[in-house]
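Student: Below are the structure tokens for one structure; questions will follow.
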Amino acid sequence: MRTTALRWLVLVVLVLLWEAATTLAASTFFPTPSVIVARMHAMWFSGPPSTLFLTDAAIGDILPSLGRMAAGYAGGALAGVLLGLALGLSARVYDYLDGVLQFLRAIPPPALITVFVVVFGFGLRMQLAFIMFSIVWPVLLNTADGARSVEPLHLQTCQVFRLSRGERLMKVILPSALPKVFAGLRLALSLSLIVMVFSELLPGTTNGIGFQLTYAYSTFDLPAMWAGIVLLGVLGYLFNELFLVVERRVLAWHHTAQQLVG
């Protein structure tokens with residue numbers, strides 16, 4: 001409770017300093033937090049109770065963005081876990097493909113946007129493929145590393161008890177790899193929000209948070225632009241906190257074991 005209170009206190013102090021600095025500066029390009037929050041409320045959260053206070057703009061822009069992000073994240077995470085386990089279970093295949101994987105991982109996803117447009121065209125398919133490609137690498141590499149780092153003694157015990165390949169995977173390898181899998185999933189979650197917004201900045205997009213950012217910038221509606229930026233920060237924070245809650249529940253046994261060892 002004390003740590004939580006201190007976090008909120010630091011946040012409040014920073015917002016107050018931001019308010020004071022922007023008020024004194026009186027710059028058109030940097031509206032005050034109170035102006036930004038008021039614009040966020042007017043744009044997205046002043047709807048009727050029947051829609052959970054969401055406006056038509058929120059339903060038409062925020063929800064589609066979250067849908068794209070969720071679909072791309074789910075597809076990329078699933079592919080990363082499956083491919084990572086397959087690579088981690090075969091040391092020879094991992095050694096052969098490690099250089100290729102590191103090369104592909106090092107390519108910035110925006111540099112390949114032309115390729116995605118040519119292959120998939122503008123629209124939802126390109127956006128989902130772009131998100132999946134962008135986030136698959138941290139999940140894949142962390143999962144493969146986790147599968148490769150299983151204690152040899154555990155694998156020898158599996159052989160002694162004559163466990164099948166599926167039983168070894170589900171009862172030994174996957175639980176041992178889960179901490180690193182979740183590390184990759186957490187990185188991919190924050191990355192999926194970033195690339196989702198980037199995909200909505202491209203031509204052919206008709207809705208979404210990124211689309212609204214572009215529209216606000218083109219019309220010089222700076223409070224609306226800052227409202228979108230702040231909304232993305234809030235969403236990123238909430239997603240990270242929810243992910244940590246899930247991670248703590250799933251890996252409760254791992255944290256307990258670490259405390260006993262420590």
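Every chain in the structure tokens takes a letter, A first, then B, and so on in the order presented; its residues are numbered from 1, and the ligands are numbered from 1 following the presented order.
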Residues of region 14-200 of chain A classed as alpha helix (DSSP H) by DSSP on the backbone are to be reported as JSON, numbers by chain.

Tutor: {"A": [14, 15, 16, 17, 18, 19, 20, 21, 22, 23, 24, 25, 33, 34, 35, 36, 37, 38, 39, 40, 41, 42, 43, 44, 56, 57, 63, 64, 65, 66, 67, 68, 69, 70, 71, 72, 73, 74, 75, 76, 77, 78, 79, 80, 81, 82, 83, 84, 85, 86, 87, 88, 91, 92, 93, 94, 95, 96, 97, 98, 99, 100, 101, 102, 103, 104, 105, 106, 113, 114, 115, 116, 117, 118, 119, 120, 124, 125, 126, 127, 128, 129, 130, 131, 132, 133, 134, 135, 136, 137, 138, 139, 140, 141, 142, 143, 144, 145, 146, 147, 148, 152, 153, 154, 155, 156, 157, 158, 159, 160, 165, 166, 167, 168, 174, 175, 176, 177, 178, 179, 180, 181, 182, 183, 184, 185, 186, 187, 188, 189, 190, 191, 192, 193, 194, 195, 196, 197, 198, 199]}

Student: Can I get the residues of region 81-179 of chain A within 12 Å of region 61-65 of chain A, each with the closest pair of atoms and their distance in Å to one decimal, using only C-alpha atoms, sorted chain first then ascending number, as CSV?

Tutor:
residue,atom,partner,partner_atom,distance
A:Leu124,CA,A:Pro64,CA,10.3
A:Gln127,CA,A:Ser65,CA,10.4
A:Leu128,CA,A:Ser65,CA,10.9
A:Ile131,CA,A:Ser65,CA,11.7

Student: Keeping only N, CA, C and O atoms, write those residues as an mmCIF file, in the first residue's frame.

Tutor:
data_model
loop_
_atom_site.group_PDB
_atom_site.id
_atom_site.type_symbol
_atom_site.label_atom_id
_atom_site.label_comp_id
_atom_site.auth_asym_id
_atom_site.auth_seq_id
_atom_site.Cartn_x
_atom_site.Cartn_y
_atom_site.Cartn_z
ATOM 1 N N LEU A 124 -7.023 -3.978 -43.367
ATOM 2 C CA LEU A 124 -6.926 -4.765 -42.143
ATOM 3 C C LEU A 124 -5.918 -5.898 -42.258
ATOM 4 O O LEU A 124 -5.153 -6.148 -41.322
ATOM 5 N N GLN A 127 -2.442 -4.611 -41.783
ATOM 6 C CA GLN A 127 -2.213 -4.172 -40.411
ATOM 7 C C GLN A 127 -1.981 -5.357 -39.477
ATOM 8 O O GLN A 127 -1.065 -5.341 -38.647
ATOM 9 N N LEU A 128 -2.806 -6.392 -39.600
ATOM 10 C CA LEU A 128 -2.654 -7.559 -38.741
ATOM 11 C C LEU A 128 -1.340 -8.281 -39.021
ATOM 12 O O LEU A 128 -0.631 -8.690 -38.092
ATOM 13 N N ILE A 131 1.526 -6.230 -37.513
ATOM 14 C CA ILE A 131 1.604 -6.360 -36.053
ATOM 15 C C ILE A 131 2.176 -7.717 -35.666
ATOM 16 O O ILE A 131 3.051 -7.824 -34.797
#

Student: Name the residues in contact with Phe133 (chain A) at a cut-off of 12 Å, using only C-alpha atoms, excluding same-chain residues fewer than 2 positions from it; report them as a PyMOL selection string.

Tutor: chain A and resi 72-80+104-105+107-110+112-113+115-116+126-131+135-140+188+191-192+195-196

Student: With a distance cut-off of 12 Å and only C-alpha atoms, select the neighbouring residues of Ser190 (chain A), excluding the residue or stretch itself and same-chain residues fewer than 4 positions from it, and output the selection as a list in words.

Tutor: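 Contacts, in chain order: Met69, Ala70, Tyr73, Ile131, Ser134, Ile135, Pro138, Ala183, Gly184, Leu185, Arg186, Ile194, Val195, Met196, Val197, Leu232, Gly233, Val234, Leu235, Gly236, Tyr237, Leu238, Phe239, Asn240, Glu241 and Phe243 of chain A.
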
Student: For the residues selected in the previous step, produce a file with N, CA, C and O atoms as a CSV table (one decimal), in the first residue's frame.

Tutor:
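The file below, again-v8.csv, is the result:
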chain,number,residue,atom,x,y,z
A,69,MET,N,-5.1,-4.6,-32.4
A,69,MET,CA,-4.0,-4.9,-31.5
A,69,MET,C,-4.2,-6.3,-30.9
A,69,MET,O,-3.2,-7.1,-30.8
A,70,ALA,N,-5.4,-6.6,-30.4
A,70,ALA,CA,-5.6,-7.9,-29.7
A,70,ALA,C,-5.4,-9.0,-30.7
A,70,ALA,O,-4.8,-10.1,-30.4
A,73,TYR,N,-1.7,-9.3,-31.7
A,73,TYR,CA,-0.9,-9.8,-30.6
A,73,TYR,C,-1.2,-11.3,-30.3
A,73,TYR,O,-0.2,-12.1,-30.1
A,131,ILE,N,1.5,-6.2,-37.5
A,131,ILE,CA,1.6,-6.4,-36.1
A,131,ILE,C,2.2,-7.7,-35.7
A,131,ILE,O,3.1,-7.8,-34.8
A,134,SER,N,5.9,-8.0,-36.3
A,134,SER,CA,6.7,-7.1,-35.4
A,134,SER,C,6.8,-7.7,-34.1
A,134,SER,O,7.9,-7.5,-33.4
A,135,ILE,N,5.8,-8.4,-33.6
A,135,ILE,CA,5.9,-8.8,-32.2
A,135,ILE,C,6.3,-10.3,-32.0
A,135,ILE,O,6.6,-10.8,-30.9
A,138,PRO,N,10.4,-11.2,-30.2
A,138,PRO,CA,10.7,-11.4,-28.7
A,138,PRO,C,10.1,-12.6,-28.1
A,138,PRO,O,10.7,-13.2,-27.2
A,183,ALA,N,8.3,-13.2,-20.3
A,183,ALA,CA,9.1,-12.0,-20.5
A,183,ALA,C,9.0,-11.5,-22.0
A,183,ALA,O,8.9,-10.3,-22.2
A,184,GLY,N,9.0,-12.5,-22.9
A,184,GLY,CA,8.8,-12.2,-24.3
A,184,GLY,C,7.4,-11.6,-24.6
A,184,GLY,O,7.2,-10.7,-25.3
A,185,LEU,N,6.4,-12.2,-23.9
A,185,LEU,CA,5.0,-11.7,-24.1
A,185,LEU,C,4.8,-10.3,-23.6
A,185,LEU,O,4.1,-9.5,-24.2
A,186,ARG,N,5.5,-10.0,-22.5
A,186,ARG,CA,5.4,-8.6,-22.0
A,186,ARG,C,6.0,-7.6,-22.9
A,186,ARG,O,5.5,-6.5,-23.2
A,194,ILE,N,2.5,0.0,-30.1
A,194,ILE,CA,3.3,0.9,-30.9
A,194,ILE,C,3.0,0.7,-32.4
A,194,ILE,O,2.7,1.6,-33.1
A,195,VAL,N,3.2,-0.6,-32.8
A,195,VAL,CA,3.1,-0.9,-34.2
A,195,VAL,C,1.6,-0.8,-34.7
A,195,VAL,O,1.3,-0.6,-35.9
A,196,MET,N,0.7,-1.0,-33.8
A,196,MET,CA,-0.7,-0.8,-34.1
A,196,MET,C,-1.0,0.6,-34.5
A,196,MET,O,-1.6,0.9,-35.5
A,197,VAL,N,-0.5,1.5,-33.7
A,197,VAL,CA,-0.6,3.0,-34.0
A,197,VAL,C,0.1,3.3,-35.4
A,197,VAL,O,-0.5,4.0,-36.2
A,232,LEU,N,-2.9,6.8,-25.4
A,232,LEU,CA,-2.0,5.7,-25.7
A,232,LEU,C,-1.1,5.4,-24.5
A,232,LEU,O,-0.9,4.2,-24.2
A,233,GLY,N,-0.7,6.4,-23.8
A,233,GLY,CA,0.1,6.2,-22.6
A,233,GLY,C,-0.7,5.5,-21.5
A,233,GLY,O,-0.2,4.6,-20.8
A,234,VAL,N,-1.9,5.9,-21.3
A,234,VAL,CA,-2.8,5.3,-20.3
A,234,VAL,C,-3.1,3.9,-20.7
A,234,VAL,O,-3.1,3.0,-19.8
A,235,LEU,N,-3.4,3.6,-21.9
A,235,LEU,CA,-3.7,2.2,-22.4
A,235,LEU,C,-2.4,1.3,-22.2
A,235,LEU,O,-2.6,0.2,-21.7
A,236,GLY,N,-1.3,1.9,-22.5
A,236,GLY,CA,0.0,1.1,-22.3
A,236,GLY,C,0.2,0.7,-20.9
A,236,GLY,O,0.6,-0.4,-20.5
A,237,TYR,N,-0.1,1.7,-20.0
A,237,TYR,CA,0.1,1.5,-18.5
A,237,TYR,C,-0.9,0.4,-18.0
A,237,TYR,O,-0.6,-0.5,-17.3
A,238,LEU,N,-2.2,0.5,-18.4
A,238,LEU,CA,-3.2,-0.4,-18.0
A,238,LEU,C,-2.9,-1.8,-18.5
A,238,LEU,O,-3.1,-2.8,-17.7
A,239,PHE,N,-2.5,-1.9,-19.8
A,239,PHE,CA,-2.2,-3.3,-20.3
A,239,PHE,C,-1.1,-3.9,-19.6
A,239,PHE,O,-1.1,-5.1,-19.3
A,240,ASN,N,-0.1,-3.1,-19.3
A,240,ASN,CA,1.1,-3.6,-18.5
A,240,ASN,C,0.7,-4.1,-17.1
A,240,ASN,O,1.1,-5.2,-16.7
A,241,GLU,N,-0.1,-3.3,-16.4
A,241,GLU,CA,-0.5,-3.7,-15.1
A,241,GLU,C,-1.4,-5.0,-15.1
A,241,GLU,O,-1.2,-5.9,-14.3
A,243,PHE,N,-1.3,-7.3,-17.4
A,243,PHE,CA,-0.4,-8.4,-17.7
A,243,PHE,C,0.4,-8.9,-16.5
A,243,PHE,O,0.6,-10.1,-16.3

Student: Could you pull the residues within 10 Å of Leu178 (chain A), counting only C-alpha atoms, minus those fewer than 2 positions along the same chain, as a PyMOL selection string?

Tutor: chain A and resi 81+142-143+146-147+173-176+180-184+247+250-251+254

Student: Please write the residues from the selection above to a file, keeping all heavy atoms, as a short mmCIF file (atom, residue, chain, number, x, y, z; two decimals), in the first residue's frame.

Tutor:
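Below is the file that was written, out_38.cif:
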data_model
loop_
_atom_site.label_atom_id
_atom_site.label_comp_id
_atom_site.auth_asym_id
_atom_site.auth_seq_id
_atom_site.Cartn_x
_atom_site.Cartn_y
_atom_site.Cartn_z
N VAL A 81 5.29 -18.61 -29.63
CA VAL A 81 5.42 -19.69 -28.65
C VAL A 81 5.60 -21.03 -29.35
O VAL A 81 6.49 -21.83 -28.98
CB VAL A 81 4.19 -19.72 -27.72
CG1 VAL A 81 4.21 -20.98 -26.84
CG2 VAL A 81 4.16 -18.48 -26.83
N ASN A 142 12.62 -15.63 -26.88
CA ASN A 142 12.57 -15.91 -25.45
C ASN A 142 12.06 -17.31 -25.17
O ASN A 142 12.55 -17.99 -24.26
CB ASN A 142 11.68 -14.88 -24.75
CG ASN A 142 12.42 -13.61 -24.39
OD1 ASN A 142 13.06 -13.52 -23.35
ND2 ASN A 142 12.35 -12.62 -25.26
N THR A 143 11.06 -17.75 -25.95
CA THR A 143 10.55 -19.10 -25.76
C THR A 143 11.60 -20.15 -26.10
O THR A 143 11.78 -21.13 -25.37
CB THR A 143 9.30 -19.31 -26.64
OG1 THR A 143 8.31 -18.35 -26.29
CG2 THR A 143 8.73 -20.71 -26.42
N GLY A 146 14.09 -20.25 -23.38
CA GLY A 146 13.56 -20.93 -22.21
C GLY A 146 13.51 -22.43 -22.38
O GLY A 146 13.82 -23.19 -21.44
N ALA A 147 13.12 -22.89 -23.56
CA ALA A 147 13.07 -24.34 -23.81
C ALA A 147 14.46 -24.95 -23.80
O ALA A 147 14.64 -26.12 -23.42
CB ALA A 147 12.39 -24.60 -25.15
N ILE A 173 9.18 -29.17 -19.86
CA ILE A 173 9.80 -28.15 -20.70
C ILE A 173 9.01 -26.85 -20.68
O ILE A 173 9.56 -25.77 -20.44
CB ILE A 173 9.96 -28.67 -22.14
CG1 ILE A 173 10.90 -29.87 -22.16
CG2 ILE A 173 10.51 -27.56 -23.05
CD1 ILE A 173 11.03 -30.53 -23.52
N LEU A 174 7.69 -26.93 -20.93
CA LEU A 174 6.89 -25.71 -20.97
C LEU A 174 6.86 -24.99 -19.62
O LEU A 174 7.05 -23.76 -19.59
CB LEU A 174 5.47 -26.04 -21.44
CG LEU A 174 4.54 -24.84 -21.64
CD1 LEU A 174 5.14 -23.86 -22.65
CD2 LEU A 174 3.17 -25.30 -22.12
N PRO A 175 6.63 -25.68 -18.49
CA PRO A 175 6.68 -24.96 -17.20
C PRO A 175 8.04 -24.31 -16.94
O PRO A 175 8.11 -23.20 -16.40
CB PRO A 175 6.38 -26.06 -16.17
CG PRO A 175 5.58 -27.07 -16.92
CD PRO A 175 6.15 -27.07 -18.31
N SER A 176 9.12 -24.99 -17.33
CA SER A 176 10.46 -24.41 -17.13
C SER A 176 10.68 -23.18 -18.00
O SER A 176 11.39 -22.25 -17.61
CB SER A 176 11.53 -25.45 -17.42
OG SER A 176 11.42 -26.57 -16.55
N LYS A 180 10.51 -17.17 -19.10
CA LYS A 180 11.06 -16.46 -20.25
C LYS A 180 9.98 -16.22 -21.31
O LYS A 180 10.03 -15.21 -22.03
CB LYS A 180 12.23 -17.22 -20.84
CG LYS A 180 13.45 -17.22 -19.92
CD LYS A 180 14.69 -17.75 -20.60
CE LYS A 180 15.88 -17.64 -19.66
NZ LYS A 180 17.15 -18.10 -20.29
N VAL A 181 9.02 -17.13 -21.42
CA VAL A 181 7.91 -16.91 -22.35
C VAL A 181 7.15 -15.66 -21.96
O VAL A 181 6.82 -14.81 -22.80
CB VAL A 181 6.96 -18.13 -22.36
CG1 VAL A 181 5.70 -17.82 -23.17
CG2 VAL A 181 7.66 -19.34 -22.95
N PHE A 182 6.87 -15.50 -20.67
CA PHE A 182 6.14 -14.32 -20.21
C PHE A 182 6.97 -13.06 -20.38
O PHE A 182 6.42 -11.99 -20.62
CB PHE A 182 5.71 -14.50 -18.75
CG PHE A 182 4.36 -15.11 -18.60
CD1 PHE A 182 4.21 -16.48 -18.50
CD2 PHE A 182 3.22 -14.32 -18.57
CE1 PHE A 182 2.96 -17.06 -18.38
CE2 PHE A 182 1.97 -14.88 -18.44
CZ PHE A 182 1.83 -16.25 -18.35
N ALA A 183 8.28 -13.16 -20.25
CA ALA A 183 9.13 -11.99 -20.50
C ALA A 183 8.99 -11.54 -21.95
O ALA A 183 8.88 -10.35 -22.25
CB ALA A 183 10.58 -12.32 -20.18
N GLY A 184 8.98 -12.51 -22.87
CA GLY A 184 8.79 -12.17 -24.28
C GLY A 184 7.40 -11.63 -24.57
O GLY A 184 7.24 -10.69 -25.35
N GLU A 247 0.52 -12.55 -14.94
CA GLU A 247 1.83 -13.20 -14.81
C GLU A 247 2.06 -13.66 -13.38
O GLU A 247 2.55 -14.78 -13.14
CB GLU A 247 2.94 -12.24 -15.24
CG GLU A 247 4.34 -12.84 -15.16
CD GLU A 247 5.42 -11.85 -15.51
OE1 GLU A 247 5.17 -10.63 -15.36
OE2 GLU A 247 6.51 -12.27 -15.92
N VAL A 250 -0.11 -16.82 -12.81
CA VAL A 250 0.35 -18.01 -13.53
C VAL A 250 1.70 -18.50 -13.00
O VAL A 250 1.94 -19.71 -12.90
CB VAL A 250 0.44 -17.71 -15.04
CG1 VAL A 250 1.02 -18.91 -15.80
CG2 VAL A 250 -0.94 -17.37 -15.60
N LEU A 251 2.59 -17.56 -12.67
CA LEU A 251 3.94 -17.92 -12.23
C LEU A 251 4.10 -17.82 -10.72
O LEU A 251 5.21 -17.60 -10.22
CB LEU A 251 4.97 -17.02 -12.91
CG LEU A 251 5.06 -17.12 -14.44
CD1 LEU A 251 6.14 -16.19 -14.96
CD2 LEU A 251 5.33 -18.54 -14.88
N HIS A 254 6.63 -20.19 -9.46
CA HIS A 254 8.01 -19.80 -9.78
C HIS A 254 8.53 -18.76 -8.80
O HIS A 254 9.67 -18.88 -8.32
CB HIS A 254 8.05 -19.25 -11.21
CG HIS A 254 9.39 -18.74 -11.62
ND1 HIS A 254 10.48 -19.55 -11.84
CD2 HIS A 254 9.83 -17.47 -11.85
CE1 HIS A 254 11.53 -18.83 -12.18
NE2 HIS A 254 11.16 -17.57 -12.20
#

Student: Nearest residue to Thr114 (chain A) out of A:Ser199, A:Asn207, A:Thr32, A:Thr55, using only C-alpha atoms?

Tutor: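 With only C-alpha atoms as the atom set, the closest residue is A:Ser199.
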
Student: Which neighbours of Met40 (chain A) fall inside 10 Å, counting only C-alpha atoms, when residues of the same chain fewer than 3 positions from it are skipped, and could you give them as a PyMOL selection string?

Tutor: chain A and resi 34-37+43-46+58+223-228+230-231

Student: Output N, CA, C and O atoms for every residue in that selection, as a PDB file, in the first residue's frame.

Tutor:
ATOM      1  N   SER A  34      -5.036  19.857 -17.968  1.00  0.00           N
ATOM      2  CA  SER A  34      -6.473  20.025 -17.751  1.00  0.00           C
ATOM      3  C   SER A  34      -7.208  20.186 -19.081  1.00  0.00           C
ATOM      4  O   SER A  34      -8.315  19.636 -19.264  1.00  0.00           O
ATOM      5  N   VAL A  35      -6.616  20.908 -20.025  1.00  0.00           N
ATOM      6  CA  VAL A  35      -7.217  21.053 -21.352  1.00  0.00           C
ATOM      7  C   VAL A  35      -7.238  19.713 -22.084  1.00  0.00           C
ATOM      8  O   VAL A  35      -8.224  19.348 -22.736  1.00  0.00           O
ATOM      9  N   ILE A  36      -6.157  18.945 -21.963  1.00  0.00           N
ATOM     10  CA  ILE A  36      -6.080  17.646 -22.630  1.00  0.00           C
ATOM     11  C   ILE A  36      -7.129  16.682 -22.072  1.00  0.00           C
ATOM     12  O   ILE A  36      -7.825  15.994 -22.831  1.00  0.00           O
ATOM     13  N   VAL A  37      -7.253  16.643 -20.741  1.00  0.00           N
ATOM     14  CA  VAL A  37      -8.228  15.744 -20.119  1.00  0.00           C
ATOM     15  C   VAL A  37      -9.643  16.144 -20.501  1.00  0.00           C
ATOM     16  O   VAL A  37     -10.501  15.282 -20.781  1.00  0.00           O
ATOM     17  N   MET A  43     -14.293  14.049 -26.323  1.00  0.00           N
ATOM     18  CA  MET A  43     -14.161  13.234 -27.527  1.00  0.00           C
ATOM     19  C   MET A  43     -14.622  11.801 -27.321  1.00  0.00           C
ATOM     20  O   MET A  43     -15.281  11.217 -28.199  1.00  0.00           O
ATOM     21  N   TRP A  44     -14.271  11.217 -26.179  1.00  0.00           N
ATOM     22  CA  TRP A  44     -14.411   9.761 -26.050  1.00  0.00           C
ATOM     23  C   TRP A  44     -15.251   9.275 -24.867  1.00  0.00           C
ATOM     24  O   TRP A  44     -15.810   8.188 -24.934  1.00  0.00           O
ATOM     25  N   PHE A  45     -15.363  10.047 -23.805  1.00  0.00           N
ATOM     26  CA  PHE A  45     -15.952   9.507 -22.579  1.00  0.00           C
ATOM     27  C   PHE A  45     -17.143  10.317 -22.061  1.00  0.00           C
ATOM     28  O   PHE A  45     -17.417  10.326 -20.870  1.00  0.00           O
ATOM     29  N   SER A  46     -17.852  10.978 -22.950  1.00  0.00           N
ATOM     30  CA  SER A  46     -19.029  11.758 -22.555  1.00  0.00           C
ATOM     31  C   SER A  46     -20.310  11.174 -23.144  1.00  0.00           C
ATOM     32  O   SER A  46     -21.297  11.877 -23.327  1.00  0.00           O
ATOM     33  N   ALA A  58     -15.384   7.199 -29.758  1.00  0.00           N
ATOM     34  CA  ALA A  58     -14.638   6.151 -29.053  1.00  0.00           C
ATOM     35  C   ALA A  58     -14.957   4.780 -29.634  1.00  0.00           C
ATOM     36  O   ALA A  58     -14.069   3.957 -29.863  1.00  0.00           O
ATOM     37  N   PRO A 223      -4.891  20.053 -29.107  1.00  0.00           N
ATOM     38  CA  PRO A 223      -5.446  19.369 -27.926  1.00  0.00           C
ATOM     39  C   PRO A 223      -5.918  17.950 -28.243  1.00  0.00           C
ATOM     40  O   PRO A 223      -5.710  17.029 -27.445  1.00  0.00           O
ATOM     41  N   ALA A 224      -6.536  17.749 -29.407  1.00  0.00           N
ATOM     42  CA  ALA A 224      -6.969  16.405 -29.797  1.00  0.00           C
ATOM     43  C   ALA A 224      -5.766  15.492 -30.037  1.00  0.00           C
ATOM     44  O   ALA A 224      -5.793  14.301 -29.697  1.00  0.00           O
ATOM     45  N   MET A 225      -4.703  16.041 -30.623  1.00  0.00           N
ATOM     46  CA  MET A 225      -3.505  15.244 -30.856  1.00  0.00           C
ATOM     47  C   MET A 225      -2.890  14.802 -29.532  1.00  0.00           C
ATOM     48  O   MET A 225      -2.542  13.633 -29.347  1.00  0.00           O
ATOM     49  N   TRP A 226      -2.774  15.744 -28.586  1.00  0.00           N
ATOM     50  CA  TRP A 226      -2.234  15.399 -27.279  1.00  0.00           C
ATOM     51  C   TRP A 226      -3.159  14.445 -26.522  1.00  0.00           C
ATOM     52  O   TRP A 226      -2.694  13.591 -25.760  1.00  0.00           O
ATOM     53  N   ALA A 227      -4.456  14.585 -26.738  1.00  0.00           N
ATOM     54  CA  ALA A 227      -5.402  13.653 -26.105  1.00  0.00           C
ATOM     55  C   ALA A 227      -5.141  12.230 -26.580  1.00  0.00           C
ATOM     56  O   ALA A 227      -5.173  11.279 -25.787  1.00  0.00           O
ATOM     57  N   GLY A 228      -4.861  12.062 -27.874  1.00  0.00           N
ATOM     58  CA  GLY A 228      -4.542  10.744 -28.387  1.00  0.00           C
ATOM     59  C   GLY A 228      -3.245  10.200 -27.822  1.00  0.00           C
ATOM     60  O   GLY A 228      -3.144   9.007 -27.494  1.00  0.00           O
ATOM     61  N   VAL A 230      -1.854  10.985 -24.883  1.00  0.00           N
ATOM     62  CA  VAL A 230      -2.073  10.628 -23.481  1.00  0.00           C
ATOM     63  C   VAL A 230      -2.885   9.341 -23.378  1.00  0.00           C
ATOM     64  O   VAL A 230      -2.618   8.479 -22.527  1.00  0.00           O
ATOM     65  N   LEU A 231      -3.884   9.183 -24.242  1.00  0.00           N
ATOM     66  CA  LEU A 231      -4.688   7.957 -24.234  1.00  0.00           C
ATOM     67  C   LEU A 231      -3.815   6.731 -24.485  1.00  0.00           C
ATOM     68  O   LEU A 231      -3.976   5.698 -23.815  1.00  0.00           O
TER      69      LEU A 231
END

Student: Taking only C-alpha atoms into account, which of A:Ala144, A:Leu89, A:Ile229, A:Ala38 comes nearest Arg165 (chain A)?

Tutor: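 Of all the options, A:Leu89 lies closest to Arg165 (chain A).
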
Student: Pick out the residues sitting within 12 Å of Phe220 (chain A), and hand them over as a ChimeraX atom specification; count only C-alpha atoms, and ignore anything fewer than 6 positions along from it in its own chain.

Tutor: /A:28-29,212-214,226

Student: Restricted to N, CA and C atoms, what would the selected residues look like written as a short mmCIF file (atom, residue, chain, number, x, y, z; two decimals), in the first residue's frame?

Tutor:
data_model
loop_
_atom_site.label_atom_id
_atom_site.label_comp_id
_atom_site.auth_asym_id
_atom_site.auth_seq_id
_atom_site.Cartn_x
_atom_site.Cartn_y
_atom_site.Cartn_z
N THR A 28 0.84 27.41 -27.73
CA THR A 28 -0.22 26.73 -28.47
C THR A 28 0.11 25.27 -28.71
N PHE A 29 1.38 24.98 -28.82
CA PHE A 29 1.81 23.61 -29.13
C PHE A 29 1.79 22.69 -27.92
N GLN A 212 -6.84 9.06 -36.03
CA GLN A 212 -7.27 10.30 -35.40
C GLN A 212 -6.08 11.21 -35.08
N LEU A 213 -4.94 10.62 -34.71
CA LEU A 213 -3.74 11.43 -34.49
C LEU A 213 -3.33 12.15 -35.77
N THR A 214 -3.35 11.43 -36.89
CA THR A 214 -3.00 12.04 -38.17
C THR A 214 -3.98 13.14 -38.54
N TRP A 226 -2.77 15.74 -28.59
CA TRP A 226 -2.23 15.40 -27.28
C TRP A 226 -3.16 14.45 -26.52
#
